Amino acid sequence: MTTVTTHTDLQARVDAYRGELLGYCYRMLGSSFDAEDAVQDTMVRAWRGLDRFEGRSSLRSWLYRIATNVCLDVLTGSQRRIRPMDLSSDAWAPVEASLARQRSEDTWLEPMLDARIGAPAAAVDPADVAVGRESIRLAFVAALQHLPPRQRVVLILREVLRWKADEVAELLDSSVASVNSALQRARATLDARTTGGGQSYDPLDAAHQELLARYVEAFENYDIDRFVRLLHEDATQNMPPFEMWLQGAHDIGAWMLGPGQECQGSRIIPTVANGTLAAAQYRPSGPGGRHQPWALHVLEVDGGRIRGITSFLDTRLFALHGLPAHPDD
């Protein structure tokens, strides 16, 4: 067991868990901003409760208990985060009206850069690392939002972080039987939803790197014919905070040559987000103007081609995730 006796000791030990706590809160809340706030609140509550921590559980378990309570408080009375495709089973149309409807930022699922999420301290098995990548995929995090909050806790702790049933029961002040029942119901809910979304990113896969390089080149040159050839025929594209979503490489290409043509001349910085390839887009502020943050694209990859593109237009994401304010900085 871990004994913490001073605030300095706590700070030193807690820092090692910040990344994995951020990943946990992100999966729970579906928002990178809310997850950051939740981790900060967890740290504050840990400081205030230090005198009551007696080392009867590990520091990690204690922090997860606090983080869980913070997330459950956030989720009380809140609406689940969604993707544009959740609004309708019909593909969006027409192209000319695609930017007419939008909703507030707190409606949408948000992205998370992989670099900000630390692997759990216990994740030494490569299989656990792979599970960690899969479990921050947009499709998976979106499916988690359909679970009641406590079922969400159980599934993440048991299936993603590999906690034992009795450990989860202790954290939730519940019984092992109740935890196992909640896990069974959570699995059934996820099985009933589409949680696919392509293949997770493999840093050793040269084909992934090549695909991202081709995406960047086609986008920066605004060569839409080449861009469309990178897509599956039934590929989707969505662009929060707009309700629009497209299905089909042809429609995506038409949009790029229509309302999207203002993206010509953009600069792209490759990155990795939500366990897959991603790209930070900077759009010129005008003819000859400096490039400004515009969108973070998260790509769903399947069989060497792009299955889906989610373009997040909330430019606050750039500063939150440490992306440069300008591509030449």
# chains A, B, ... in the order shown; residues from 1 in each chain; ligands from 1
>>> residues_around(residues="Ala130 in chain A", least_positions_apart="6", cutoff="10 Å", atoms="only C-alpha atoms", output="count of residues only")
6
>>> residues_around(residues="Glu300 in chain A", least_positions_apart="3", cutoff="9 Å", atoms="only C-alpha atoms", output="JSON list (two decimals) with N, CA, C and O atoms, in the first residue's frame")
[["chain", "number", "residue", "atom", "x", "y", "z"],
["A", 137, "ARG", "N", -11.10, 5.30, -29.37],
["A", 137, "ARG", "CA", -11.62, 5.54, -30.71],
["A", 137, "ARG", "C", -12.93, 6.30, -30.61],
["A", 137, "ARG", "O", -13.73, 6.09, -29.70],
["A", 138, "LEU", "N", -13.17, 7.19, -31.55],
["A", 138, "LEU", "CA", -14.39, 7.99, -31.51],
["A", 138, "LEU", "C", -15.64, 7.12, -31.44],
["A", 138, "LEU", "O", -16.58, 7.41, -30.68],
["A", 197, "GLY", "N", -15.06, 1.37, -36.54],
["A", 197, "GLY", "CA", -14.50, 2.66, -36.91],
["A", 197, "GLY", "C", -13.12, 2.50, -37.51],
["A", 197, "GLY", "O", -12.31, 3.40, -37.44],
["A", 198, "GLY", "N", -12.89, 1.33, -38.10],
["A", 198, "GLY", "CA", -11.61, 1.13, -38.75],
["A", 198, "GLY", "C", -10.56, 0.56, -37.81],
["A", 198, "GLY", "O", -10.85, 0.07, -36.73],
["A", 199, "GLN", "N", -9.31, 0.66, -38.25],
["A", 199, "GLN", "CA", -8.20, 0.07, -37.52],
["A", 199, "GLN", "C", -7.52, 1.11, -36.66],
["A", 199, "GLN", "O", -7.40, 2.27, -37.04],
["A", 200, "SER", "N", -7.06, 0.69, -35.47],
["A", 200, "SER", "CA", -6.34, 1.61, -34.61],
["A", 200, "SER", "C", -4.95, 1.87, -35.19],
["A", 200, "SER", "O", -4.41, 1.09, -35.96],
["A", 276, "THR", "N", -6.04, 6.92, -33.70],
["A", 276, "THR", "CA", -5.95, 6.79, -35.15],
["A", 276, "THR", "C", -5.25, 8.02, -35.74],
["A", 276, "THR", "O", -4.84, 8.93, -35.01],
["A", 277, "LEU", "N", -5.09, 8.02, -37.05],
["A", 277, "LEU", "CA", -4.44, 9.13, -37.73],
["A", 277, "LEU", "C", -5.28, 10.40, -37.60],
["A", 277, "LEU", "O", -6.51, 10.34, -37.59],
["A", 278, "ALA", "N", -4.60, 11.52, -37.53],
["A", 278, "ALA", "CA", -5.29, 12.80, -37.43],
["A", 278, "ALA", "C", -4.44, 13.88, -38.09],
["A", 278, "ALA", "O", -3.26, 13.67, -38.39],
["A", 305, "ARG", "N", -7.48, 2.54, -46.68],
["A", 305, "ARG", "CA", -8.21, 3.70, -47.16],
["A", 305, "ARG", "C", -8.98, 4.33, -46.01],
["A", 305, "ARG", "O", -9.13, 3.73, -44.94],
["A", 306, "ILE", "N", -9.47, 5.52, -46.22],
["A", 306, "ILE", "CA", -10.14, 6.27, -45.17],
["A", 306, "ILE", "C", -11.63, 5.95, -45.17],
["A", 306, "ILE", "O", -12.31, 6.11, -46.17],
["A", 307, "ARG", "N", -12.12, 5.49, -44.02],
["A", 307, "ARG", "CA", -13.51, 5.12, -43.87],
["A", 307, "ARG", "C", -14.35, 6.29, -43.37],
["A", 307, "ARG", "O", -15.55, 6.38, -43.66],
["A", 308, "GLY", "N", -13.74, 7.19, -42.62],
["A", 308, "GLY", "CA", -14.49, 8.32, -42.08],
["A", 308, "GLY", "C", -13.59, 9.48, -41.74],
["A", 308, "GLY", "O", -12.41, 9.30, -41.40],
["A", 309, "ILE", "N", -14.12, 10.69, -41.85],
["A", 309, "ILE", "CA", -13.41, 11.91, -41.48],
["A", 309, "ILE", "C", -14.32, 12.71, -40.55],
["A", 309, "ILE", "O", -15.45, 13.03, -40.91],
["A", 310, "THR", "N", -13.82, 13.01, -39.36],
["A", 310, "THR", "CA", -14.51, 13.92, -38.47],
["A", 310, "THR", "C", -13.65, 15.16, -38.33],
["A", 310, "THR", "O", -12.52, 15.09, -37.86]]
>>> select_by_dssp(residues="range 16-154 of chain A", states="strand (DSSP E or B)", output="CSV table (one decimal) with C-alpha atoms, in the first residue's frame")
chain,number,residue,atom,x,y,z
A,82,ILE,CA,-23.2,12.7,-29.7
A,102,GLN,CA,-25.4,23.9,-36.1
A,108,TRP,CA,-20.8,17.0,-29.6
A,113,LEU,CA,-4.8,13.6,-28.8
>>> atom_distance(atom1="CA of Leu320 in chain A", atom2="CA of Thr271 in chain A")
14.4 Å
>>> residues_around(residues="Ala249 in chain A", least_positions_apart="3", cutoff="6 Å", atoms="only C-alpha atoms", output="PyMOL selection string")
chain A and resi 228+233+235+252
>>> residues_around(residues="Tyr17 in chain A", least_positions_apart="3", cutoff="9 Å", atoms="only C-alpha atoms", output="list in words")
Arg13, Val14, Glu20, Leu21, Leu22, Arg60, Leu63, Gly118, Pro120 and Ala121 of chain A
>>> write_last_selection(atoms="N, CA, C and O atoms", output="short mmCIF file (atom, residue, chain, number, x, y, z; two decimals), in the first residue's frame")
data_model
loop_
_atom_site.label_atom_id
_atom_site.label_comp_id
_atom_site.auth_asym_id
_atom_site.auth_seq_id
_atom_site.Cartn_x
_atom_site.Cartn_y
_atom_site.Cartn_z
N ARG A 13 3.63 12.09 -6.47
CA ARG A 13 3.04 10.80 -6.83
C ARG A 13 1.87 10.96 -7.80
O ARG A 13 1.68 10.16 -8.71
N VAL A 14 1.07 12.00 -7.57
CA VAL A 14 -0.11 12.21 -8.39
C VAL A 14 0.25 12.52 -9.83
O VAL A 14 -0.45 12.09 -10.76
N GLU A 20 -3.23 9.07 -17.24
CA GLU A 20 -4.22 8.00 -17.30
C GLU A 20 -5.56 8.44 -16.72
O GLU A 20 -6.62 8.00 -17.16
N LEU A 21 -5.53 9.34 -15.73
CA LEU A 21 -6.79 9.88 -15.21
C LEU A 21 -7.49 10.71 -16.28
O LEU A 21 -8.72 10.69 -16.39
N LEU A 22 -6.71 11.43 -17.10
CA LEU A 22 -7.30 12.20 -18.19
C LEU A 22 -7.98 11.26 -19.18
O LEU A 22 -9.09 11.54 -19.66
N ARG A 60 -3.43 5.18 -6.27
CA ARG A 60 -4.10 5.11 -7.57
C ARG A 60 -5.60 4.85 -7.38
O ARG A 60 -6.43 5.53 -8.00
N LEU A 63 -7.31 7.98 -6.04
CA LEU A 63 -7.50 9.01 -7.06
C LEU A 63 -8.62 8.63 -8.03
O LEU A 63 -9.41 9.49 -8.45
N GLY A 118 -1.81 9.24 -20.85
CA GLY A 118 -0.78 8.30 -20.46
C GLY A 118 -1.33 6.90 -20.36
O GLY A 118 -2.50 6.69 -20.04
N PRO A 120 -2.03 3.45 -18.60
CA PRO A 120 -2.16 3.09 -17.18
C PRO A 120 -0.86 2.54 -16.63
O PRO A 120 -0.10 1.87 -17.34
N ALA A 121 -0.60 2.85 -15.38
CA ALA A 121 0.65 2.42 -14.77
C ALA A 121 0.85 0.92 -14.84
O ALA A 121 1.98 0.42 -14.89
#
>>> residues_around(residues="Glu262 in chain A", least_positions_apart="5", cutoff="10 Å", atoms="only C-alpha atoms", output="PyMOL selection string")
chain A and resi 256-257+283-284+286
>>> write_last_selection(atoms="all heavy atoms", output="mmCIF file, in the first residue's frame")
data_model
loop_
_atom_site.group_PDB
_atom_site.id
_atom_site.type_symbol
_atom_site.label_atom_id
_atom_site.label_comp_id
_atom_site.auth_asym_id
_atom_site.auth_seq_id
_atom_site.Cartn_x
_atom_site.Cartn_y
_atom_site.Cartn_z
ATOM 1 N N MET A 256 -16.217 19.292 -50.978
ATOM 2 C CA MET A 256 -14.891 19.917 -50.995
ATOM 3 C C MET A 256 -14.770 20.934 -52.122
ATOM 4 O O MET A 256 -14.067 21.944 -51.997
ATOM 5 C CB MET A 256 -13.805 18.849 -51.126
ATOM 6 C CG MET A 256 -13.727 17.898 -49.948
ATOM 7 S SD MET A 256 -12.951 18.589 -48.487
ATOM 8 C CE MET A 256 -11.223 18.565 -48.972
ATOM 9 N N LEU A 257 -15.441 20.675 -53.240
ATOM 10 C CA LEU A 257 -15.390 21.600 -54.376
ATOM 11 C C LEU A 257 -16.472 22.676 -54.288
ATOM 12 O O LEU A 257 -16.497 23.602 -55.104
ATOM 13 C CB LEU A 257 -15.535 20.820 -55.690
ATOM 14 C CG LEU A 257 -14.355 19.913 -56.041
ATOM 15 C CD1 LEU A 257 -14.694 19.040 -57.235
ATOM 16 C CD2 LEU A 257 -13.094 20.730 -56.306
ATOM 17 N N ARG A 283 -6.013 27.233 -41.917
ATOM 18 C CA ARG A 283 -6.534 27.850 -43.127
ATOM 19 C C ARG A 283 -5.996 29.276 -43.256
ATOM 20 O O ARG A 283 -5.856 29.979 -42.245
ATOM 21 C CB ARG A 283 -8.071 27.884 -43.071
ATOM 22 C CG ARG A 283 -8.737 27.774 -44.422
ATOM 23 C CD ARG A 283 -10.224 27.506 -44.290
ATOM 24 N NE ARG A 283 -10.988 28.695 -43.963
ATOM 25 C CZ ARG A 283 -12.307 28.788 -44.083
ATOM 26 N NH1 ARG A 283 -12.999 27.743 -44.489
ATOM 27 N NH2 ARG A 283 -12.946 29.892 -43.770
ATOM 28 N N PRO A 284 -5.684 29.708 -44.487
ATOM 29 C CA PRO A 284 -5.180 31.081 -44.651
ATOM 30 C C PRO A 284 -6.255 32.097 -44.280
ATOM 31 O O PRO A 284 -7.439 31.917 -44.586
ATOM 32 C CB PRO A 284 -4.809 31.152 -46.130
ATOM 33 C CG PRO A 284 -5.610 30.078 -46.787
ATOM 34 C CD PRO A 284 -5.759 28.992 -45.771
ATOM 35 N N GLY A 286 -6.635 34.939 -45.481
ATOM 36 C CA GLY A 286 -6.985 35.706 -46.673
ATOM 37 C C GLY A 286 -5.871 35.543 -47.689
ATOM 38 O O GLY A 286 -4.879 34.850 -47.428
#
>>> residues_around(residues="Lys164 in chain A", least_positions_apart="2", cutoff="12 Å", atoms="only C-alpha atoms", output="NGL selection string")
:A and (61 or 154-162 or 166-171 or 176 or 179-180 or 183)
>>> residues_around(residues="range 265-268 of chain A", least_positions_apart="2", cutoff="7 Å", atoms="only C-alpha atoms", output="MDAnalysis selection string")
chainID A and resid 216 220 263 270 279:284 327
